[in-house]
file query-v4.tsv (TSV, C-alpha atoms)
chain	number	residue	atom	x	y	z
A	1	MET	CA	14.60	3.22	22.40
A	2	MET	CA	16.08	0.14	24.03
A	3	GLY	CA	19.69	0.70	23.08
A	4	PRO	CA	22.07	0.83	20.10
A	5	VAL	CA	20.55	0.27	16.67
A	6	LEU	CA	22.36	-1.50	13.85
A	7	LEU	CA	20.94	-0.73	10.39
A	8	VAL	CA	22.12	-3.18	7.75
A	9	GLY	CA	21.63	-1.54	4.36
A	10	CYS	CA	20.83	2.11	3.73
A	11	GLY	CA	19.28	2.36	0.29
A	12	LYS	CA	15.97	4.12	-0.32
A	13	MET	CA	13.92	2.45	2.40
A	14	GLY	CA	16.78	2.13	4.88
A	15	GLY	CA	17.60	5.79	4.28
A	16	ALA	CA	13.96	6.78	4.80
A	17	MET	CA	13.90	4.91	8.10
A	18	LEU	CA	17.16	6.44	9.28
A	19	GLY	CA	15.94	9.93	8.38
A	20	GLY	CA	12.70	9.35	10.26
A	21	TRP	CA	14.52	8.15	13.37
A	22	LEU	CA	16.79	11.16	13.42
A	23	ASP	CA	13.85	13.50	12.84
A	24	ARG	CA	12.09	11.95	15.82
A	25	GLY	CA	15.03	12.59	18.14
A	26	MET	CA	17.19	9.47	17.92
A	27	THR	CA	20.81	10.56	18.28
A	28	ALA	CA	23.25	9.86	15.49
A	29	ALA	CA	25.57	8.26	18.03
A	30	SER	CA	22.98	5.58	18.83
A	31	VAL	CA	22.93	4.23	15.26
A	32	THR	CA	25.53	2.29	13.31
A	33	VAL	CA	24.98	1.61	9.61
A	34	VAL	CA	26.49	-1.17	7.54
A	35	GLU	CA	26.48	0.04	3.91
A	36	PRO	CA	28.97	-1.23	1.31
A	37	PHE	CA	27.98	1.18	-1.47
A	38	GLU	CA	30.08	4.33	-1.30
A	39	ALA	CA	27.41	6.74	-2.55
A	40	ASN	CA	24.91	5.61	0.07
A	41	ALA	CA	27.58	5.55	2.76
A	42	ALA	CA	28.57	9.12	1.97
A	43	VAL	CA	25.00	10.30	2.55
A	44	VAL	CA	24.91	8.51	5.90
A	45	ALA	CA	28.23	9.99	6.96
A	46	GLU	CA	26.95	13.50	6.23
A	47	LEU	CA	24.26	12.90	8.83
A	48	GLY	CA	26.93	12.27	11.45
A	49	VAL	CA	26.05	8.57	11.73
A	50	ASN	CA	28.79	5.98	12.04
A	51	VAL	CA	28.87	3.98	8.80
A	52	ILE	CA	31.00	0.98	7.95
A	53	ALA	CA	31.28	-1.10	4.80
A	54	ASP	CA	31.21	-4.53	6.41
A	55	ALA	CA	30.12	-6.18	9.66
A	56	ALA	CA	33.72	-7.26	10.21
A	57	GLU	CA	34.47	-3.60	11.06
A	58	LEU	CA	32.18	-3.62	14.11
A	59	ASP	CA	33.96	-3.25	17.44
A	60	ALA	CA	34.35	-6.56	19.23
A	61	ASP	CA	32.38	-5.29	22.23
A	62	PHE	CA	29.53	-3.77	20.19
A	63	VAL	CA	26.15	-5.28	21.10
A	64	PRO	CA	23.06	-3.79	19.44
A	65	ALA	CA	19.62	-3.95	20.99
A	66	ILE	CA	17.95	-3.76	17.56
A	67	VAL	CA	19.20	-4.99	14.19
A	68	VAL	CA	17.28	-3.81	11.13
A	69	PHE	CA	17.79	-5.68	7.86
A	70	ALA	CA	17.10	-3.31	4.95
A	71	VAL	CA	18.79	-5.24	2.16
A	72	LYS	CA	17.25	-6.88	-0.88
A	73	PRO	CA	15.58	-10.27	-0.32
A	74	GLN	CA	17.95	-12.03	-2.70
A	75	GLN	CA	20.92	-10.85	-0.58
A	76	MET	CA	19.47	-11.96	2.74
A	77	ALA	CA	20.79	-15.53	2.79
A	78	ALA	CA	24.34	-14.19	2.48
A	79	VAL	CA	23.92	-11.22	4.82
A	80	ALA	CA	21.72	-12.31	7.74
A	81	PRO	CA	23.82	-15.20	9.18
A	82	THR	CA	26.67	-12.73	9.79
A	83	TYR	CA	24.62	-11.21	12.61
A	84	ALA	CA	23.57	-14.43	14.35
A	85	ARG	CA	26.04	-13.66	17.15
A	86	PHE	CA	23.65	-10.95	18.37
A	87	ALA	CA	20.65	-13.28	18.66
A	88	ASN	CA	20.83	-13.55	22.44
A	89	GLU	CA	20.54	-9.80	22.98
A	90	ALA	CA	18.91	-8.14	19.97
A	91	VAL	CA	15.55	-8.12	18.25
A	92	PHE	CA	15.85	-8.43	14.47
A	93	ILE	CA	13.58	-6.43	12.19
A	94	SER	CA	13.39	-7.32	8.50
A	95	ILE	CA	11.74	-5.28	5.75
A	96	ALA	CA	12.62	-7.81	3.04
A	97	ALA	CA	9.52	-8.73	1.04
A	98	GLY	CA	8.84	-12.44	0.69
A	99	THR	CA	11.38	-13.54	3.32
A	100	SER	CA	9.61	-15.50	6.02
A	101	ILE	CA	10.20	-15.52	9.76
A	102	ALA	CA	11.12	-19.21	9.43
A	103	ALA	CA	13.89	-18.26	6.99
A	104	PHE	CA	15.33	-15.82	9.51
A	105	GLU	CA	15.12	-18.41	12.27
A	106	GLY	CA	17.23	-20.58	9.99
A	107	TYR	CA	19.76	-17.79	9.46
A	108	LEU	CA	19.88	-16.56	13.08
A	109	GLY	CA	18.80	-19.49	15.24
A	110	SER	CA	15.43	-20.64	16.53
A	111	HIS	CA	15.92	-18.60	19.71
A	112	ALA	CA	16.15	-15.27	17.85
A	113	ALA	CA	13.51	-12.56	18.34
A	114	ILE	CA	12.34	-11.59	14.84
A	115	ILE	CA	9.81	-9.10	13.53
A	116	ARG	CA	8.91	-9.22	9.86
A	117	VAL	CA	7.78	-5.83	8.58
A	118	MET	CA	6.25	-4.59	5.34
A	119	PRO	CA	6.64	-0.81	4.95
A	120	ASN	CA	5.86	1.19	1.81
A	121	THR	CA	7.53	3.93	-0.17
A	122	PRO	CA	5.63	6.96	1.25
A	123	ALA	CA	7.93	6.37	4.22
A	124	ALA	CA	10.28	8.70	2.33
A	125	VAL	CA	7.98	11.60	3.26
A	126	ARG	CA	7.01	10.14	6.68
A	127	ARG	CA	3.58	9.18	5.35
A	128	GLY	CA	4.06	5.44	4.94
A	129	ILE	CA	2.32	2.59	6.64
A	130	SER	CA	4.14	-0.46	8.01
A	131	VAL	CA	2.70	-3.76	9.19
A	132	GLY	CA	4.68	-5.94	11.57
A	133	CYS	CA	4.43	-9.62	12.45
A	134	PRO	CA	6.53	-10.87	15.42
A	135	ASN	CA	7.59	-14.37	16.28
A	136	THR	CA	6.98	-15.78	19.75
A	137	ARG	CA	10.44	-14.75	21.04
A	138	VAL	CA	9.71	-11.02	20.74
A	139	SER	CA	9.11	-9.39	24.12
A	140	ASP	CA	6.57	-6.65	24.80
A	141	ASP	CA	9.41	-4.14	25.17
A	142	GLN	CA	10.95	-5.19	21.86
A	143	ARG	CA	7.63	-4.90	20.09
A	144	ALA	CA	7.05	-1.46	21.60
A	145	ALA	CA	10.50	-0.32	20.47
A	146	CYS	CA	9.81	-1.57	16.94
A	147	HIS	CA	6.46	0.24	16.92
A	148	GLU	CA	8.13	3.48	17.96
A	149	MET	CA	10.77	3.15	15.26
A	150	LEU	CA	8.20	2.47	12.54
A	151	GLU	CA	6.03	5.39	13.67
A	152	ALA	CA	8.89	7.64	12.63
A	153	ILE	CA	8.00	6.90	8.98
A	154	GLY	CA	4.20	6.75	9.22
A	155	GLU	CA	1.37	4.64	10.57
A	156	VAL	CA	1.85	1.16	12.06
A	157	GLY	CA	-0.32	-1.95	12.11
A	158	TRP	CA	0.24	-5.46	13.49
A	159	ILE	CA	-0.78	-8.99	12.55
A	160	ASP	CA	-0.18	-12.28	14.35
A	161	ASP	CA	-0.85	-14.51	11.32
A	162	GLU	CA	2.18	-14.30	9.02
A	163	GLY	CA	0.10	-15.77	6.22
A	164	LEU	CA	-1.63	-12.39	5.92
A	165	MET	CA	1.65	-10.69	5.02
A	166	ASP	CA	1.17	-11.58	1.34
A	167	ALA	CA	-2.11	-9.65	1.27
A	168	VAL	CA	-0.48	-6.77	3.17
A	169	THR	CA	2.29	-6.69	0.58
A	170	ALA	CA	-0.24	-6.66	-2.26
A	171	THR	CA	-2.32	-3.91	-0.65
A	172	SER	CA	0.01	-1.39	0.96
A	173	GLY	CA	3.46	-2.54	-0.15
A	174	SER	CA	2.57	-2.49	-3.85
A	175	GLY	CA	-0.32	-0.05	-3.40
A	176	PRO	CA	1.58	3.19	-4.08
A	177	ALA	CA	2.22	1.96	-7.62
A	178	TYR	CA	-1.53	1.56	-8.14
A	179	VAL	CA	-2.08	5.16	-7.06
A	180	PHE	CA	0.72	6.43	-9.29
A	181	LEU	CA	-0.85	4.55	-12.20
A	182	MET	CA	-4.18	6.18	-11.43
A	183	ILE	CA	-2.51	9.59	-11.67
A	184	GLU	CA	-1.04	8.60	-15.03
A	185	CYS	CA	-4.37	7.31	-16.30
A	186	LEU	CA	-6.34	10.34	-15.09
A	187	ALA	CA	-3.83	12.65	-16.75
A	188	GLN	CA	-4.00	10.71	-20.02
A	189	ALA	CA	-7.80	10.75	-19.92
A	190	ALA	CA	-7.67	14.53	-19.49
A	191	ILE	CA	-5.32	14.81	-22.47
A	192	ASP	CA	-7.67	12.64	-24.54
A	193	ALA	CA	-10.48	15.03	-23.52
A	194	GLY	CA	-8.50	17.92	-25.01
A	195	LEU	CA	-6.55	19.42	-22.12
A	196	PRO	CA	-2.88	20.44	-22.57
A	197	THR	CA	-0.42	17.84	-21.30
A	198	GLU	CA	1.06	20.02	-18.54
A	199	LEU	CA	-2.31	21.09	-17.18
A	200	ALA	CA	-3.64	17.53	-17.36
A	201	GLY	CA	-0.73	16.29	-15.27
A	202	GLN	CA	-1.16	19.11	-12.77
A	203	LEU	CA	-4.89	18.44	-12.40
A	204	ALA	CA	-4.43	14.69	-11.98
A	205	LEU	CA	-1.67	14.99	-9.38
A	206	ALA	CA	-3.39	17.69	-7.34
A	207	THR	CA	-6.72	15.88	-7.45
A	208	VAL	CA	-5.39	12.53	-6.28
A	209	SER	CA	-3.10	13.95	-3.59
A	210	GLY	CA	-5.74	16.42	-2.40
A	211	ALA	CA	-8.48	13.80	-2.26
A	212	GLY	CA	-6.16	11.51	-0.30
A	213	GLU	CA	-5.43	14.23	2.21
A	214	LEU	CA	-9.14	15.04	2.54
A	215	ALA	CA	-9.87	11.36	3.18
A	216	ARG	CA	-7.11	11.22	5.79
A	217	LEU	CA	-8.38	14.26	7.69
A	218	SER	CA	-12.12	13.74	7.34
A	219	ASP	CA	-14.35	12.00	9.87
A	220	ASP	CA	-16.30	10.52	6.93
A	221	ASP	CA	-15.25	7.25	5.32
A	222	ALA	CA	-14.35	7.01	1.64
A	223	ALA	CA	-17.84	5.90	0.61
A	224	GLN	CA	-19.44	8.93	2.22
A	225	LEU	CA	-16.86	11.29	0.73
A	226	ARG	CA	-17.64	9.83	-2.69
A	227	LYS	CA	-21.35	10.45	-2.13
A	228	ASN	CA	-20.63	14.02	-1.04
A	229	VAL	CA	-19.17	14.76	-4.48
A	230	SER	CA	-21.93	12.96	-6.41
A	231	SER	CA	-24.80	15.32	-7.21
A	232	PRO	CA	-27.79	13.43	-8.67
A	233	GLY	CA	-27.75	13.57	-12.43
A	234	GLY	CA	-24.40	15.34	-12.48
A	235	THR	CA	-21.06	14.77	-14.15
A	236	THR	CA	-19.57	12.77	-11.27
A	237	VAL	CA	-22.44	10.28	-11.32
A	238	ALA	CA	-21.98	9.83	-15.07
A	239	ALA	CA	-18.34	8.90	-14.50
A	240	LEU	CA	-19.08	6.70	-11.50
A	241	GLU	CA	-21.59	4.69	-13.52
A	242	VAL	CA	-18.60	3.59	-15.59
A	243	LEU	CA	-16.18	3.10	-12.70
A	244	MET	CA	-18.73	1.25	-10.54
A	245	ALA	CA	-20.10	-0.99	-13.29
A	246	ALA	CA	-19.89	-4.77	-13.04
A	247	ASP	CA	-16.67	-4.66	-15.05
A	248	GLY	CA	-15.43	-1.43	-13.46
A	249	LEU	CA	-12.81	-0.46	-10.94
A	250	GLN	CA	-13.66	-2.79	-8.04
A	251	PRO	CA	-13.32	-6.12	-9.89
A	252	LEU	CA	-10.21	-4.79	-11.62
A	253	MET	CA	-8.62	-3.81	-8.30
A	254	THR	CA	-9.64	-7.12	-6.73
A	255	ARG	CA	-7.91	-9.02	-9.54
A	256	ALA	CA	-4.82	-6.83	-9.25
A	257	VAL	CA	-4.45	-7.35	-5.50
A	258	ALA	CA	-5.10	-11.09	-5.92
A	259	ALA	CA	-2.36	-11.29	-8.56
A	260	ALA	CA	0.11	-9.45	-6.32
A	261	THR	CA	-0.83	-11.66	-3.36
A	262	ALA	CA	-0.27	-14.81	-5.41
A	263	ARG	CA	3.10	-13.54	-6.63
A	264	SER	CA	4.13	-12.69	-3.06
A	265	ARG	CA	3.40	-16.27	-2.05
A	266	GLU	CA	5.43	-17.58	-4.97
A	267	LEU	CA	8.40	-15.42	-4.01
A	268	ALA	CA	8.19	-16.62	-0.41
A	269	LYS	CA	8.57	-20.16	-1.74
A	270	GLY	CA	11.54	-19.18	-3.89
A	271	GLY	CA	9.55	-18.91	-7.08
call {"tool": "encode", "arguments": {"input": "query-v4.tsv", "output": "structure tokens"}}
result
Amino acid sequence: MMGPVLLVGCGKMGGAMLGGWLDRGMTAASVTVVEPFEANAAVVAELGVNVIADAAELDADFVPAIVVFAVKPQQMAAVAPTYARFANEAVFISIAAGTSIAAFEGYLGSHAAIIRVMPNTPAAVRRGISVGCPNTRVSDDQRAACHEMLEAIGEVGWIDDEGLMDAVTATSGSGPAYVFLMIECLAQAAIDAGLPTELAGQLALATVSGAGELARLSDDDAAQLRKNVSSPGGTTVAALEVLMAADGLQPLMTRAVAAATARSRELAKGG
């Protein structure tokens, strides 16, 4: 890492990031957390990390190399300008959905190095994926440090066109909810087919999580894995004829991601 890290906000995602950093060997002494909520702050303190309630409590000579904003988007306009004094030294990382790089340049100054990031909730178990988009002030070293930090909670991808961040948000940011819904729907379908509720839930959860892990570890792509399970004339093919019909899963998923992408764009415009 490049130097001291200042984490602003330590809720679910901020906490997941902090846990990942510590697991990967970052020392507690190298991180300072700003967290006004006592319950969250207590959890941070138990980790041995310095936690304060407000930026006004920072030592006058404290200069972070990295500032991570992990607060809600609607709080950002009030929170971010407080840290503009670090813009000459630090790179700023934001995980706030719908808050553009231009907005942060307004909060922090046009000279600030800013990386907009979209992580997702599997970060809590170090199996997330994050996509970053830097502005032109971010150095190679700063980008590499950000990459290393994000790897602590899962895989990392990069884009140069910020306009793609809405589609990223709709795909991976919101995507875990789609998978959770699939588990719910598969379990309900099993119940409707006559299975006991508890067994139906167990089968749905194990099937989805196991299939995901198989896809992650296999050299075959998802299409080939699907074919591997599909014996001609068998039960799987009968189900896939429904799911792969003209009005099946693909057009439904395409509409869902398009709707989430459109909403992400609206939020970015203050809608």
call {"tool": "atom_distance", "arguments": {"input": "query-v4.tsv", "atom1": "atom CA of Val91 of chain A", "atom2": "atom CA of Glu266 of chain A"}}
result
27.0 Å
call {"tool": "axis_aligned_box", "arguments": {"input": "query-v4.tsv", "around": "segment 46-53 of chain A", "padding_each_side": "3 Å", "output": "AutoDock Vina command-line options"}}
result
--center_x 27.8 --center_y 6.2 --center_z 8.4 --size_x 13.0 --size_y 20.6 --size_z 13.2
call {"tool": "atom_distance", "arguments": {"input": "query-v4.tsv", "atom1": "atom CA of Ala53 of chain A", "atom2": "atom CA of Phe37 of chain A"}}
result
7.4 Å
call {"tool": "atom_distance", "arguments": {"input": "query-v4.tsv", "atom1": "atom CA of Val138 of chain A", "atom2": "atom CA of Gly11 of chain A"}}
result
26.2 Å
call {"tool": "residues_around", "arguments": {"input": "query-v4.tsv", "residues": "segment 105-113 of chain A", "least_positions_apart": "4", "cutoff": "12 Å", "atoms": "all atoms listed in the file", "output": "number ranges by chain"}}
result
A: 65-68, 76-94, 99-101, 133-143, 146
call {"tool": "residues_around", "arguments": {"input": "query-v4.tsv", "residues": "Asn228 of chain A", "least_positions_apart": "5", "cutoff": "12 Å", "atoms": "only C-alpha atoms", "output": "list in words"}}
result
Ala215, Ser218, Asp220, Asp221, Ala222, Ala223, Thr236 and Val237 of chain A
call {"tool": "closest_residue", "arguments": {"input": "query-v4.tsv", "among": "A:Ala45, A:Met253, A:Val8, A:Leu18", "to": "Leu58 of chain A", "atoms": "only C-alpha atoms"}}
result
A:Val8
call {"tool": "residues_near_point", "arguments": {"input": "query-v4.tsv", "point": "(9.3, 2.4, 3.0)", "cutoff": "12 Å", "atoms": "all atoms listed in the file", "output": "VMD selection string"}}
result
chain A and resid 10 to 20 70 94 to 97 117 to 131 150 to 156 169 172 to 176
call {"tool": "write_last_selection", "arguments": {"input": "query-v4.tsv", "atoms": "C-alpha atoms", "output": "tab-separated table (two decimals), in the frame of the given file"}}
result
chain	number	residue	atom	x	y	z
A	10	CYS	CA	20.83	2.11	3.73
A	11	GLY	CA	19.28	2.36	0.29
A	12	LYS	CA	15.97	4.12	-0.32
A	13	MET	CA	13.92	2.45	2.40
A	14	GLY	CA	16.78	2.13	4.88
A	15	GLY	CA	17.60	5.79	4.28
A	16	ALA	CA	13.96	6.78	4.80
A	17	MET	CA	13.90	4.91	8.10
A	18	LEU	CA	17.16	6.44	9.28
A	19	GLY	CA	15.94	9.93	8.38
A	20	GLY	CA	12.70	9.35	10.26
A	70	ALA	CA	17.10	-3.31	4.95
A	94	SER	CA	13.39	-7.32	8.50
A	95	ILE	CA	11.74	-5.28	5.75
A	96	ALA	CA	12.62	-7.81	3.04
A	97	ALA	CA	9.52	-8.73	1.04
A	117	VAL	CA	7.78	-5.83	8.58
A	118	MET	CA	6.25	-4.59	5.34
A	119	PRO	CA	6.64	-0.81	4.95
A	120	ASN	CA	5.86	1.19	1.81
A	121	THR	CA	7.53	3.93	-0.17
A	122	PRO	CA	5.63	6.96	1.25
A	123	ALA	CA	7.93	6.37	4.22
A	124	ALA	CA	10.28	8.70	2.33
A	125	VAL	CA	7.98	11.60	3.26
A	126	ARG	CA	7.01	10.14	6.68
A	127	ARG	CA	3.58	9.18	5.35
A	128	GLY	CA	4.06	5.44	4.94
A	129	ILE	CA	2.32	2.59	6.64
A	130	SER	CA	4.14	-0.46	8.01
A	131	VAL	CA	2.70	-3.76	9.19
A	150	LEU	CA	8.20	2.47	12.54
A	151	GLU	CA	6.03	5.39	13.67
A	152	ALA	CA	8.89	7.64	12.63
A	153	ILE	CA	8.00	6.90	8.98
A	154	GLY	CA	4.20	6.75	9.22
A	155	GLU	CA	1.37	4.64	10.57
A	156	VAL	CA	1.85	1.16	12.06
A	169	THR	CA	2.29	-6.69	0.58
A	172	SER	CA	0.01	-1.39	0.96
A	173	GLY	CA	3.46	-2.54	-0.15
A	174	SER	CA	2.57	-2.49	-3.85
A	175	GLY	CA	-0.32	-0.05	-3.40
A	176	PRO	CA	1.58	3.19	-4.08
call {"tool": "closest_residue", "arguments": {"input": "query-v4.tsv", "among": "A:Lys227, A:Arg265, A:Lys72, A:His147", "to": "Leu164 of chain A", "atoms": "all atoms listed in the file"}}
result
A:Arg265
call {"tool": "closest_residue", "arguments": {"input": "query-v4.tsv", "among": "A:Ala260, A:Ile191, A:Pro73, A:Trp21", "to": "Ala177 of chain A", "atoms": "all atoms listed in the file"}}
result
A:Ala260
call {"tool": "residues_near_point", "arguments": {"input": "query-v4.tsv", "point": "(2.0, -7.6, -5.4)", "cutoff": "8 Å", "atoms": "only C-alpha atoms", "output": "PyMOL selection string"}}
result
chain A and resi 166+169-171+173-174+256-264
call {"tool": "closest_residue", "arguments": {"input": "query-v4.tsv", "among": "A:Gly163, A:Gly9, A:Gly194, A:Gly234", "to": "Val34 of chain A", "atoms": "all atoms listed in the file"}}
result
A:Gly9
call {"tool": "closest_residue", "arguments": {"input": "query-v4.tsv", "among": "A:Ile115, A:Gln250, A:Val31, A:Ser230", "to": "Gly48 of chain A", "atoms": "all atoms listed in the file"}}
result
A:Val31
call {"tool": "closest_residue", "arguments": {"input": "query-v4.tsv", "among": "A:Ala211, A:Leu240, A:Leu6, A:Leu181", "to": "Val49 of chain A", "atoms": "all atoms listed in the file"}}
result
A:Leu6
